[in-house]
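As stored in upload-v2.tsv (TSV, C-alpha atoms and all ligand atoms):
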```
chain	number	residue	atom	x	y	z
A	1	MET	CA	-14.04	-8.16	-45.94
A	2	GLU	CA	-13.66	-4.55	-44.91
A	3	LEU	CA	-10.66	-3.21	-43.04
A	4	LEU	CA	-11.41	-1.34	-39.83
A	5	LYS	CA	-9.00	1.48	-40.50
A	6	GLY	CA	-8.00	2.83	-37.12
A	7	LYS	CA	-5.84	5.41	-38.85
A	8	GLU	CA	-8.80	6.93	-40.66
A	9	ALA	CA	-11.11	6.81	-37.63
A	10	SER	CA	-8.46	8.27	-35.31
A	11	GLU	CA	-7.73	11.10	-37.77
A	12	ALA	CA	-11.43	12.03	-37.70
A	13	ILE	CA	-11.37	12.15	-33.89
A	14	LYS	CA	-8.14	14.15	-33.84
A	15	LYS	CA	-9.57	16.64	-36.36
A	16	GLN	CA	-12.51	17.25	-34.05
A	17	LEU	CA	-10.20	17.65	-31.03
A	18	LEU	CA	-7.99	20.09	-32.97
A	19	SER	CA	-11.00	22.24	-33.75
A	20	GLN	CA	-11.93	22.12	-30.04
A	21	THR	CA	-8.47	23.27	-28.89
A	22	GLN	CA	-8.64	26.04	-31.50
A	23	THR	CA	-11.93	27.20	-30.01
A	24	LEU	CA	-10.38	27.21	-26.53
A	25	LYS	CA	-7.49	29.31	-27.85
A	26	GLN	CA	-9.88	31.78	-29.47
A	27	LYS	CA	-11.66	32.10	-26.15
A	28	LYS	CA	-8.27	32.72	-24.51
A	29	LEU	CA	-8.69	29.77	-22.17
A	30	ARG	CA	-5.91	27.59	-20.77
A	31	LEU	CA	-5.41	24.49	-22.94
A	32	PRO	CA	-5.76	20.91	-21.65
A	33	HIS	CA	-2.49	19.55	-20.28
A	34	LEU	CA	-1.46	15.87	-20.18
A	35	ALA	CA	1.50	14.80	-18.02
A	36	ALA	CA	3.09	11.48	-18.99
A	37	ILE	CA	5.53	9.71	-16.69
A	38	LEU	CA	8.02	7.26	-18.16
A	39	VAL	CA	10.32	5.25	-15.91
A	40	GLY	CA	13.29	3.43	-17.44
A	41	ASN	CA	14.21	2.67	-21.04
A	42	ASN	CA	11.78	0.00	-22.23
A	43	GLY	CA	11.86	0.38	-26.04
A	44	ALA	CA	8.15	-0.27	-26.60
A	45	SER	CA	7.15	2.09	-23.76
A	46	GLU	CA	9.41	4.81	-25.17
A	47	THR	CA	7.68	4.49	-28.54
A	48	TYR	CA	4.19	4.55	-27.01
A	49	VAL	CA	4.89	7.62	-24.88
A	50	ALA	CA	6.63	9.47	-27.72
A	51	ASN	CA	3.58	8.81	-29.90
A	52	LYS	CA	1.21	10.08	-27.23
A	53	VAL	CA	3.21	13.30	-26.80
A	54	LYS	CA	3.47	13.79	-30.59
A	55	ASN	CA	-0.28	13.34	-30.97
A	56	CYS	CA	-0.95	15.88	-28.21
A	57	GLU	CA	1.14	18.40	-30.10
A	58	GLU	CA	-0.70	17.67	-33.35
A	59	ILE	CA	-4.06	18.59	-31.87
A	60	GLY	CA	-2.88	21.51	-29.76
A	61	LEU	CA	-2.95	19.86	-26.34
A	62	THR	CA	-0.17	20.77	-23.94
A	63	SER	CA	1.90	17.77	-22.82
A	64	SER	CA	4.80	17.20	-20.45
A	65	LEU	CA	6.97	14.11	-20.61
A	66	ILE	CA	8.53	13.38	-17.23
A	67	ARG	CA	11.34	10.84	-17.49
A	68	PHE	CA	12.98	8.94	-14.68
A	69	ASP	CA	15.83	6.48	-14.46
A	70	GLU	CA	14.66	2.94	-13.75
A	71	LYS	CA	16.38	3.09	-10.36
A	72	LEU	CA	13.82	5.65	-9.20
A	73	SER	CA	12.35	4.61	-5.84
A	74	GLU	CA	8.67	3.93	-5.37
A	75	SER	CA	8.32	6.83	-2.92
A	76	GLN	CA	9.96	9.24	-5.38
A	77	LEU	CA	7.45	8.21	-8.02
A	78	LEU	CA	4.55	8.53	-5.57
A	79	ASN	CA	5.76	12.02	-4.66
A	80	LYS	CA	5.78	13.01	-8.32
A	81	VAL	CA	2.24	11.72	-8.82
A	82	GLN	CA	1.09	13.67	-5.77
A	83	GLU	CA	2.77	16.80	-7.09
A	84	LEU	CA	0.91	16.40	-10.41
A	85	ASN	CA	-2.34	15.77	-8.52
A	86	ASN	CA	-1.85	19.10	-6.75
A	87	ASP	CA	-0.90	21.02	-9.89
A	88	GLU	CA	-4.01	22.92	-11.02
A	89	ASN	CA	-2.63	23.20	-14.55
A	90	ILE	CA	-2.42	19.44	-15.11
A	91	ASP	CA	-5.63	17.82	-16.36
A	92	GLY	CA	-4.49	14.29	-17.13
A	93	ILE	CA	-1.86	12.04	-15.58
A	94	LEU	CA	-0.55	8.99	-17.37
A	95	VAL	CA	1.98	6.59	-15.87
A	96	GLN	CA	3.32	4.38	-18.65
A	97	LEU	CA	3.21	0.70	-17.69
A	98	PRO	CA	4.95	-1.59	-17.05
A	99	LEU	CA	6.92	-0.05	-14.18
A	100	PRO	CA	10.19	-1.55	-12.90
A	101	LYS	CA	9.58	-4.60	-10.67
A	102	HIS	CA	10.51	-2.82	-7.39
A	103	ILE	CA	7.55	-0.44	-7.82
A	104	ILE	CA	4.04	-1.72	-7.05
A	105	GLU	CA	1.96	-0.52	-10.00
A	106	GLN	CA	-1.38	-0.60	-8.22
A	107	LYS	CA	-0.01	1.65	-5.46
A	108	VAL	CA	0.93	4.27	-8.05
A	109	ILE	CA	-2.37	3.97	-9.95
A	110	ASN	CA	-4.35	4.24	-6.70
A	111	LEU	CA	-2.67	7.54	-5.87
A	112	ILE	CA	-3.65	9.28	-9.13
A	113	ASN	CA	-6.50	11.71	-8.60
A	114	PRO	CA	-9.48	9.91	-10.23
A	115	ALA	CA	-10.46	13.21	-11.89
A	116	LYS	CA	-7.09	13.21	-13.70
A	117	ASP	CA	-6.94	9.45	-14.36
A	118	VAL	CA	-7.16	9.62	-18.16
A	119	ASP	CA	-6.04	5.98	-18.48
A	120	GLY	CA	-9.11	4.97	-16.46
A	121	PHE	CA	-7.20	2.47	-14.30
A	122	HIS	CA	-8.06	3.93	-10.86
A	123	PRO	CA	-10.40	1.67	-8.83
A	124	VAL	CA	-12.96	4.51	-8.59
A	125	ASN	CA	-13.12	4.79	-12.36
A	126	ILE	CA	-13.15	1.01	-12.87
A	127	GLY	CA	-16.04	0.89	-10.37
A	128	LYS	CA	-17.95	3.50	-12.34
A	129	LEU	CA	-17.30	1.56	-15.54
A	130	VAL	CA	-18.81	-1.56	-13.98
A	131	GLN	CA	-21.81	0.49	-12.77
A	132	GLY	CA	-22.31	1.99	-16.23
A	133	SER	CA	-21.75	5.51	-14.84
A	134	PRO	CA	-19.88	8.19	-16.81
A	135	THR	CA	-16.14	7.75	-16.29
A	136	PHE	CA	-12.79	7.58	-18.05
A	137	ILE	CA	-12.97	4.41	-20.11
A	138	PRO	CA	-9.49	2.83	-20.37
A	139	ALA	CA	-7.96	4.00	-23.64
A	140	THR	CA	-7.67	0.72	-25.56
A	141	PRO	CA	-11.22	-0.53	-24.82
A	142	TYR	CA	-12.54	2.99	-25.50
A	143	GLY	CA	-10.61	3.05	-28.79
A	144	ILE	CA	-12.23	-0.26	-29.80
A	145	ILE	CA	-15.71	1.10	-29.06
A	146	LEU	CA	-14.97	4.31	-30.99
A	147	LEU	CA	-13.70	2.27	-33.95
A	148	MET	CA	-16.83	0.11	-33.99
A	149	GLN	CA	-18.98	3.24	-33.80
A	150	TYR	CA	-17.07	4.84	-36.68
A	151	TYR	CA	-17.96	1.82	-38.84
A	152	ASN	CA	-21.53	1.58	-37.45
A	153	ILE	CA	-20.90	-1.89	-36.07
A	154	GLU	CA	-23.48	-2.67	-33.39
A	155	ALA	CA	-22.83	-5.14	-30.63
A	156	GLN	CA	-26.45	-5.42	-29.50
A	157	GLY	CA	-27.76	-8.98	-29.61
A	158	LYS	CA	-24.43	-10.33	-30.87
A	159	HIS	CA	-22.21	-12.90	-29.23
A	160	ALA	CA	-18.85	-11.29	-28.45
A	161	VAL	CA	-15.94	-13.50	-27.48
A	162	VAL	CA	-12.99	-11.75	-25.83
A	163	ILE	CA	-9.68	-13.60	-25.53
A	164	GLY	CA	-7.63	-12.19	-22.64
A	165	ARG	CA	-8.82	-10.89	-19.26
A	166	SER	CA	-6.25	-8.21	-18.38
A	167	ASN	CA	-7.41	-5.19	-16.39
A	168	ILE	CA	-6.35	-2.83	-19.17
A	169	VAL	CA	-7.91	-4.57	-22.18
A	170	GLY	CA	-9.84	-7.83	-22.04
A	171	ARG	CA	-11.85	-7.37	-18.84
A	172	PRO	CA	-12.97	-3.76	-19.50
A	173	VAL	CA	-13.81	-4.66	-23.13
A	174	SER	CA	-16.02	-7.49	-21.88
A	175	ILE	CA	-17.74	-5.13	-19.42
A	176	LEU	CA	-18.34	-2.46	-22.08
A	177	LEU	CA	-19.70	-4.86	-24.70
A	178	SER	CA	-22.05	-6.48	-22.19
A	179	SER	CA	-23.20	-3.16	-20.64
A	180	ASN	CA	-26.63	-1.66	-21.13
A	181	GLN	CA	-25.31	1.13	-23.34
A	182	THR	CA	-25.77	1.99	-27.00
A	183	TYR	CA	-22.39	0.44	-27.78
A	184	GLY	CA	-23.07	-2.64	-25.61
A	185	ASN	CA	-25.89	-5.16	-25.13
A	186	ALA	CA	-23.86	-8.06	-26.49
A	187	THR	CA	-23.72	-11.45	-24.82
A	188	VAL	CA	-20.08	-11.78	-23.85
A	189	THR	CA	-17.83	-14.76	-23.26
A	190	LEU	CA	-14.51	-13.89	-21.65
A	191	CYS	CA	-11.76	-16.43	-22.35
A	192	HIS	CA	-8.33	-16.69	-20.76
A	193	SER	CA	-5.37	-19.00	-20.39
A	194	HIS	CA	-7.44	-21.55	-18.41
A	195	THR	CA	-10.27	-21.76	-20.94
A	196	PRO	CA	-10.23	-25.38	-22.16
A	197	ASN	CA	-12.51	-25.14	-25.22
A	198	LEU	CA	-11.35	-21.87	-26.72
A	199	LYS	CA	-11.82	-22.83	-30.38
A	200	GLU	CA	-15.36	-24.05	-29.73
A	201	LEU	CA	-16.15	-20.64	-28.21
A	202	SER	CA	-14.29	-18.48	-30.72
A	203	LEU	CA	-16.18	-20.23	-33.53
A	204	GLN	CA	-19.42	-18.90	-32.02
A	205	ALA	CA	-18.24	-15.30	-32.02
A	206	ASP	CA	-20.03	-12.65	-34.06
A	207	ILE	CA	-17.44	-10.25	-32.62
A	208	LEU	CA	-14.04	-11.68	-31.70
A	209	VAL	CA	-11.59	-9.57	-29.71
A	210	ALA	CA	-8.07	-10.99	-29.44
A	211	ALA	CA	-6.03	-9.45	-26.61
A	212	LEU	CA	-3.58	-12.03	-25.37
A	213	GLY	CA	-0.18	-11.01	-26.72
A	214	LYS	CA	0.53	-14.18	-28.71
A	215	PRO	CA	1.38	-13.32	-32.34
A	216	GLY	CA	-0.82	-15.06	-34.93
A	217	PHE	CA	-2.69	-17.04	-32.23
A	218	VAL	CA	-6.13	-16.73	-33.86
A	219	THR	CA	-6.09	-18.82	-37.02
A	220	GLY	CA	-8.66	-19.13	-39.79
A	221	ASP	CA	-10.18	-22.34	-38.40
A	222	MET	CA	-11.06	-20.53	-35.13
A	223	VAL	CA	-13.25	-17.88	-36.77
A	224	LYS	CA	-16.83	-18.04	-38.03
A	225	ASN	CA	-17.67	-16.66	-41.48
A	226	ASP	CA	-18.52	-12.94	-41.42
A	227	ALA	CA	-17.26	-12.37	-37.88
A	228	VAL	CA	-16.00	-8.93	-36.84
A	229	VAL	CA	-12.41	-9.45	-35.72
A	230	ILE	CA	-10.63	-6.94	-33.49
A	231	ASP	CA	-6.91	-7.60	-33.09
A	232	VAL	CA	-5.48	-5.82	-30.04
A	233	GLY	CA	-2.15	-7.63	-29.97
A	234	ILE	CA	1.10	-5.72	-30.40
A	235	THR	CA	4.19	-7.89	-30.19
A	236	ARG	CA	7.64	-7.05	-31.46
A	237	VAL	CA	8.84	-10.09	-33.42
A	238	GLN	CA	12.50	-10.16	-34.38
A	239	ASP	CA	13.07	-9.88	-38.11
A	240	ALA	CA	16.53	-9.22	-39.51
A	241	THR	CA	15.04	-8.02	-42.82
A	242	ALA	CA	13.12	-5.22	-41.08
A	243	LYS	CA	14.73	-1.78	-40.74
A	244	LYS	CA	14.40	-1.73	-36.95
A	245	GLY	CA	15.24	-5.42	-36.56
A	246	PHE	CA	11.68	-6.32	-35.59
A	247	ARG	CA	8.15	-6.24	-36.91
A	248	ILE	CA	4.92	-5.56	-35.05
A	249	ARG	CA	2.59	-8.57	-35.10
A	250	GLY	CA	-0.98	-8.86	-33.90
A	251	ASP	CA	-2.69	-11.79	-32.17
A	252	VAL	CA	-4.56	-12.73	-35.35
A	253	ASN	CA	-3.19	-14.56	-38.37
A	254	PHE	CA	-4.36	-11.82	-40.73
A	255	ASP	CA	-3.93	-13.73	-44.01
A	256	GLU	CA	-6.05	-16.65	-42.84
A	257	VAL	CA	-8.69	-14.72	-40.90
A	258	SER	CA	-9.23	-11.78	-43.27
A	259	SER	CA	-10.72	-14.09	-45.93
A	260	LYS	CA	-13.45	-15.15	-43.48
A	261	ALA	CA	-14.13	-11.96	-41.50
A	262	SER	CA	-16.68	-9.30	-42.46
A	263	TYR	CA	-14.51	-6.65	-40.76
A	264	ILE	CA	-10.99	-6.92	-39.39
A	265	THR	CA	-8.49	-4.50	-37.84
A	266	PRO	CA	-5.00	-4.35	-39.35
A	267	VAL	CA	-1.89	-4.35	-37.14
A	268	PRO	CA	-0.46	-1.76	-37.15
A	269	GLY	CA	-3.03	0.89	-38.09
A	270	GLY	CA	-5.96	-0.61	-36.17
A	271	VAL	CA	-6.52	-0.59	-32.42
A	272	GLY	CA	-3.13	0.95	-31.54
A	273	VAL	CA	-3.83	4.33	-33.14
A	274	MET	CA	-7.36	4.31	-31.73
A	275	THR	CA	-5.90	3.89	-28.23
A	276	ILE	CA	-4.08	7.20	-28.62
A	277	ALA	CA	-7.17	8.97	-29.98
A	278	ALA	CA	-9.17	7.68	-27.00
A	279	LEU	CA	-6.52	8.94	-24.57
A	280	LEU	CA	-6.68	12.39	-26.18
A	281	LYS	CA	-10.48	12.37	-25.87
A	282	ASN	CA	-10.18	11.41	-22.20
A	283	THR	CA	-7.75	14.29	-21.64
A	284	MET	CA	-10.17	16.78	-23.18
A	285	HIS	CA	-12.96	15.26	-21.05
A	286	ALA	CA	-10.85	15.64	-17.87
A	287	TYR	CA	-10.13	19.27	-18.75
A	288	LEU	CA	-13.81	20.08	-19.30
A	289	MET	CA	-14.89	18.37	-16.08
A	290	ARG	CA	-12.19	19.99	-13.98
A	291	ASN	CA	-13.21	23.41	-15.30
A	292	ASN	CA	-16.95	22.81	-14.91
A	293	LEU	CA	-17.37	23.07	-18.67
A	294	THR	CA	-19.35	20.94	-21.11
A	295	GLU	CA	-18.94	20.33	-24.84
A	296	ASP	CA	-21.45	23.17	-25.31
A	297	ILE	CA	-18.51	25.53	-25.09
A	298	PHE	CA	-17.44	24.37	-28.55
A	299	SER	CA	-20.73	25.37	-30.15
A	300	GLU	CA	-21.35	28.64	-28.27
B	1	LIG	P1	-1.68	-9.49	-20.48
B	1	LIG	O1	-0.43	-10.29	-20.66
B	1	LIG	O2	-1.87	-8.65	-19.29
B	1	LIG	O3	-2.92	-10.47	-20.56
B	1	LIG	C1	-2.98	-11.50	-21.49
B	1	LIG	C2	-4.26	-12.26	-21.28
B	1	LIG	O4	-4.32	-13.27	-22.26
B	1	LIG	C3	-4.34	-12.94	-19.92
B	1	LIG	O5	-5.59	-12.64	-19.35
B	1	LIG	C4	-4.25	-14.44	-20.23
B	1	LIG	O6	-5.10	-15.22	-19.41
B	1	LIG	C5	-4.71	-14.49	-21.67
B	1	LIG	N1	-4.05	-15.58	-22.39
B	1	LIG	C6	-2.73	-15.82	-22.50
B	1	LIG	N2	-2.51	-16.94	-23.22
B	1	LIG	C7	-3.72	-17.40	-23.57
B	1	LIG	C8	-4.16	-18.53	-24.31
B	1	LIG	N3	-3.30	-19.39	-24.85
B	1	LIG	N4	-5.48	-18.69	-24.49
B	1	LIG	C9	-6.38	-17.82	-23.96
B	1	LIG	N5	-6.02	-16.72	-23.25
B	1	LIG	C10	-4.71	-16.53	-23.06
B	1	LIG	O7	-1.83	-8.67	-21.83
B	1	LIG	P2	-2.52	-7.26	-22.17
B	1	LIG	O8	-1.83	-6.17	-21.45
B	1	LIG	O9	-4.00	-7.38	-22.09
B	1	LIG	O10	-2.11	-7.15	-23.70
B	1	LIG	C11	-2.52	-8.11	-24.65
B	1	LIG	C12	-1.94	-7.72	-26.00
B	1	LIG	O11	-2.49	-6.47	-26.39
B	1	LIG	C13	-0.43	-7.53	-26.01
B	1	LIG	O12	0.08	-7.90	-27.26
B	1	LIG	C14	-0.26	-6.04	-25.82
B	1	LIG	O13	0.95	-5.54	-26.35
B	1	LIG	C15	-1.43	-5.55	-26.61
B	1	LIG	N6	-1.91	-4.22	-26.23
B	1	LIG	C16	-2.20	-3.39	-27.24
B	1	LIG	C17	-2.69	-2.14	-26.96
B	1	LIG	C18	-3.04	-1.24	-28.11
B	1	LIG	O14	-3.08	-0.05	-27.95
B	1	LIG	N7	-3.31	-1.81	-29.29
B	1	LIG	C19	-2.86	-1.72	-25.65
B	1	LIG	C20	-2.59	-2.61	-24.63
B	1	LIG	C21	-2.11	-3.88	-24.93
```

Please express the file's structure as C-alpha cells.
Ligand code: NAD
Amino acid sequence: MELLKGKEASEAIKKQLLSQTQTLKQKKLRLPHLAAILVGNNGASETYVANKVKNCEEIGLTSSLIRFDEKLSESQLLNKVQELNNDENIDGILVQLPLPKHIIEQKVINLINPAKDVDGFHPVNIGKLVQGSPTFIPATPYGIILLMQYYNIEAQGKHAVVIGRSNIVGRPVSILLSSNQTYGNATVTLCHSHTPNLKELSLQADILVAALGKPGFVTGDMVKNDAVVIDVGITRVQDATAKKGFRIRGDVNFDEVSSKASYITPVPGGVGVMTIAALLKNTMHAYLMRNNLTEDIFSE
C-alpha cells in the first residue's frame, strides 16, 4: 500500500505557483487577487477560509477575507458579490458554504461572474465541465485529479465507484472520471443514499471515491484487493482526549482498508490539502484569462 500524500503533491503545486507569482512581480504586473466571503461563525468554515487565505499568502497571491455576521440579509450578500464582480482588481470570488438558512445558496452562486468563479459552482462552468470544455473544475474534484496525476494513477479503462452525489464533490468527480480526457475514460458508477447494493458495487471498484460525510463508513469488506481509495470525508468527531476536543475523521476505515488498497489517501493530509492547491491553481487561471495571458508568460 502506498499513501497518496496530498501534502507532498500540494507542496509541489504551491512551489510552482510561487515561482509564477515571483515572475509576475519581476515583470511588475498586478498579482492575482482572491476574495473570500465568510458569513457567520461556523467553526469548520472558519478553519477552511483561514487556511485558504494563509495558503494564498504563502505563494504570493493577494487575498481579501470579507466577513459578515450571520444576520446579513440575502440582498446585502448579493450586493457584495456584485461589487466584487465589478472590481477589476479581483480575479477570483469564493463564497464559503454553507450559508445561513435564510440565504438561498444557488442565488448567490448564480450571481458570481463565471470568469471569477474559482470554485467552479456556477451553472455556466458546470455546463462546460459536462461538455468537456475548459473551465474552472470545482476545487475538491480538481484536487483529486491532480493527486492521481501526481502519482501517475490512470483512470482509463478502470471501474470507478463514487459514493456520494453532491454538486461539489461526488457528481463532478463522476463526470471528470468518465470524461474523454487524459485523466478520465473510466467507467463510473455513482452511488448515493438510495443505492440498495452498495457493497456489491464498491467491491467492483478499481478506484473507490468516498464522499458521503459518514466517518469510517467504508470498511475493509467493502473494498477489492489493490483498489485505489480516495477518502474525501472530513467530519469533526468529538474526542475529549484531543487538544481541540475533536478529531477529523474520513469516510474510510483507514486501518481496515489500508491493508487491502494499492493506494489510499490519509485524512487529514490527503484530499483536503489538494482542494486548497486546486483553488489556488484556479485563481491563477482566472487571473491569466482575465488579463488575456497564457502560461507562456512564465517561460518568456
Ligand atoms: P453532502 O452531504 O452534500 O452529500 C453526501 C452524499 O452522500 C449525498 O449525495 C448522499 O446521497 C450520499 N450518502 C449519504 N449517506 C449515504 C449512504 N449511507 N450510502 C451511500 N451514499 C450516501 O456531502 P458533500 O458536501 O459531498 O461532502 C461529503 C464529505 O466530504 C463530507 O465529509 C465533507 O466534509 C467532505 N468534503 C471534503 C472536502 C475536502 O476538501 N476534502 C471538500 C468538500 C467536502

### Task
Starting from the point (-1.6, 14.0, -28.5), work out which residues of protein, DNA or RNA have an atom no more than 12 Å away when counting only C-alpha atoms; state them as a PyMOL selection string.
chain A and resi 10-11+13-15+17-18+21+32-36+48-65+92+273-284

Per residue of chain A within 9 Å of ligand LIG 1 (chain B), what are the shortest atom pair and its distance in Å to one decimal, counting all atoms listed in the file, with rows by chain and residue number, as a Markdown table?
```
| residue | atom | partner | partner_atom | distance |
| --- | --- | --- | --- | --- |
| A:Ala44 | CA | B:LIG1 | O13 | 8.9 |
| A:Tyr48 | CA | B:LIG1 | O14 | 8.7 |
| A:Ala139 | CA | B:LIG1 | O14 | 7.7 |
| A:Thr140 | CA | B:LIG1 | O14 | 5.2 |
| A:Pro141 | CA | B:LIG1 | C19 | 8.5 |
| A:Gly143 | CA | B:LIG1 | O14 | 8.2 |
| A:Val162 | CA | B:LIG1 | N5 | 8.9 |
| A:Ile163 | CA | B:LIG1 | N5 | 5.3 |
| A:Gly164 | CA | B:LIG1 | O4 | 3.5 |
| A:Arg165 | CA | B:LIG1 | O5 | 3.7 |
| A:Ser166 | CA | B:LIG1 | O9 | 4.4 |
| A:Asn167 | CA | B:LIG1 | O9 | 7.0 |
| A:Ile168 | CA | B:LIG1 | O9 | 5.9 |
| A:Val169 | CA | B:LIG1 | O9 | 4.8 |
| A:Gly170 | CA | B:LIG1 | O9 | 5.9 |
| A:Arg171 | CA | B:LIG1 | O5 | 8.2 |
| A:Cys191 | CA | B:LIG1 | C9 | 5.8 |
| A:His192 | CA | B:LIG1 | N5 | 3.4 |
| A:Ser193 | CA | B:LIG1 | C10 | 3.7 |
| A:His194 | CA | B:LIG1 | C9 | 6.8 |
| A:Thr195 | CA | B:LIG1 | C9 | 6.3 |
| A:Pro196 | CA | B:LIG1 | N4 | 8.5 |
| A:Leu198 | CA | B:LIG1 | C9 | 7.0 |
| A:Ala210 | CA | B:LIG1 | C12 | 7.8 |
| A:Ala211 | CA | B:LIG1 | C11 | 4.2 |
| A:Leu212 | CA | B:LIG1 | O4 | 3.4 |
| A:Gly213 | CA | B:LIG1 | O12 | 3.2 |
| A:Lys214 | CA | B:LIG1 | O12 | 6.5 |
| A:Pro215 | CA | B:LIG1 | O12 | 7.5 |
| A:Phe217 | CA | B:LIG1 | N3 | 7.8 |
| A:Asp231 | CA | B:LIG1 | N7 | 7.8 |
| A:Val232 | CA | B:LIG1 | N7 | 4.6 |
| A:Gly233 | CA | B:LIG1 | O12 | 3.5 |
| A:Ile234 | CA | B:LIG1 | O12 | 4.0 |
| A:Thr235 | CA | B:LIG1 | O12 | 5.0 |
| A:Arg236 | CA | B:LIG1 | O13 | 8.6 |
| A:Arg249 | CA | B:LIG1 | O12 | 8.3 |
| A:Gly250 | CA | B:LIG1 | O12 | 6.8 |
| A:Asp251 | CA | B:LIG1 | O12 | 6.8 |
| A:Val267 | CA | B:LIG1 | N7 | 8.4 |
| A:Pro268 | CA | B:LIG1 | N7 | 8.4 |
| A:Gly270 | CA | B:LIG1 | N7 | 7.5 |
| A:Val271 | CA | B:LIG1 | N7 | 4.6 |
| A:Gly272 | CA | B:LIG1 | N7 | 3.6 |
| A:Val273 | CA | B:LIG1 | O14 | 6.8 |
| A:Met274 | CA | B:LIG1 | O14 | 7.2 |
| A:Thr275 | CA | B:LIG1 | O14 | 4.9 |
| A:Ile276 | CA | B:LIG1 | O14 | 7.3 |
```

### Task
Using all atoms listed in the file, determine which residues lie at most 9 Å from segment 124-133 of chain A, disregarding the query and same-chain residues fewer than 3 positions distant; provide the list as a ChimeraX atom specification.
/A:110,114-115,117,120-121,136-138,172,175-176,179-181

### Query
Which one is closest to Thr135 of chain A: A:Ala242, A:Val118, A:Ile104, A:Val209? Count all atoms listed in the file.
A:Val118

Provide an axis-aligned box for all listed atoms of segment 277-285 of chain A, padding each side by 4 Å; report its centre and its edge lengths in Å to one decimal, as AutoDock Vina command-line options.
```
--center_x -9.7 --center_y 12.2 --center_z -25.5 --size_x 14.4 --size_y 17.1 --size_z 16.9
```

#### Entry: Contact residues around Asn152 of chain A with all atoms listed in the file at 12 Å, ignoring same-chain residues under 4 positions, as JSON, numbers by chain
{"A": [4, 9, 145, 146, 147, 148, 156, 182, 183, 228, 263]}

### Task
Report the distance between atom CA of Ala186 of chain A and atom CA of Ile264 of chain A in Å, rounded to one decimal place.
18.3 Å

### Task
Find the distance between atom CA of Asn79 of chain A and atom CA of His102 of chain A and write it in Å to one decimal.
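We find that atom CA of Asn79 of chain A and atom CA of His102 of chain A lie 15.8 Å from each other.
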
So which residues touch Val223 of chain A within 10 Å, counting only C-alpha atoms, skipping near sequence neighbours fewer than 4 positions away, as a compact mmCIF listing (two decimals) with C-alpha atoms, in the coordinates of the input?
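File written: selection_0.txt
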```
# COMPACT_ATOMS: atom_id res chain seq x y z
CA LYS A 199 -11.82 -22.83 -30.38
CA GLU A 200 -15.36 -24.05 -29.73
CA LEU A 201 -16.15 -20.64 -28.21
CA SER A 202 -14.29 -18.48 -30.72
CA LEU A 203 -16.18 -20.23 -33.53
CA GLN A 204 -19.42 -18.90 -32.02
CA ALA A 205 -18.24 -15.30 -32.02
CA ASP A 206 -20.03 -12.65 -34.06
CA ILE A 207 -17.44 -10.25 -32.62
CA LEU A 208 -14.04 -11.68 -31.70
CA VAL A 218 -6.13 -16.73 -33.86
CA THR A 219 -6.09 -18.82 -37.02
CA ALA A 227 -17.26 -12.37 -37.88
CA VAL A 228 -16.00 -8.93 -36.84
CA VAL A 229 -12.41 -9.45 -35.72
CA GLU A 256 -6.05 -16.65 -42.84
CA VAL A 257 -8.69 -14.72 -40.90
CA SER A 258 -9.23 -11.78 -43.27
CA LYS A 260 -13.45 -15.15 -43.48
CA ALA A 261 -14.13 -11.96 -41.50
```

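Taking atom CA of Asp91 of chain A and atom CA of Ile66 of chain A as endpoints, the distance between them is 14.9 Å.
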
#### Entry: For Ile103 of chain A: contacts at 9 Å, all atoms listed in the file, fewer than 6 positions along chain excluded, given as a ChimeraX atom specification
/A:72-75,77

### Selected residue of minimal separation from Glu2 of chain A among A:Leu24, A:Ile153, A:Val81, A:Val188, counting all atoms listed in the file
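Ranked by minimum distance to Glu2 of chain A, first place goes to A:Ile153.
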
### Task
Extract, using all atoms listed in the file, all DNA, RNA and protein residues at most 7 Å from Val237 of chain A, discarding same-chain residues fewer than 5 positions from it, and format them as a PyMOL selection string.
chain A and resi 246-249

### Query
In terms of the shortest atom-to-atom distance over all atoms listed in the file, which of A:Lys71, A:Lys27, A:His122, A:Lys101 is closest to Ser299 of chain A?
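Using all atoms listed in the file, Ser299 of chain A sits closest to A:Lys27.
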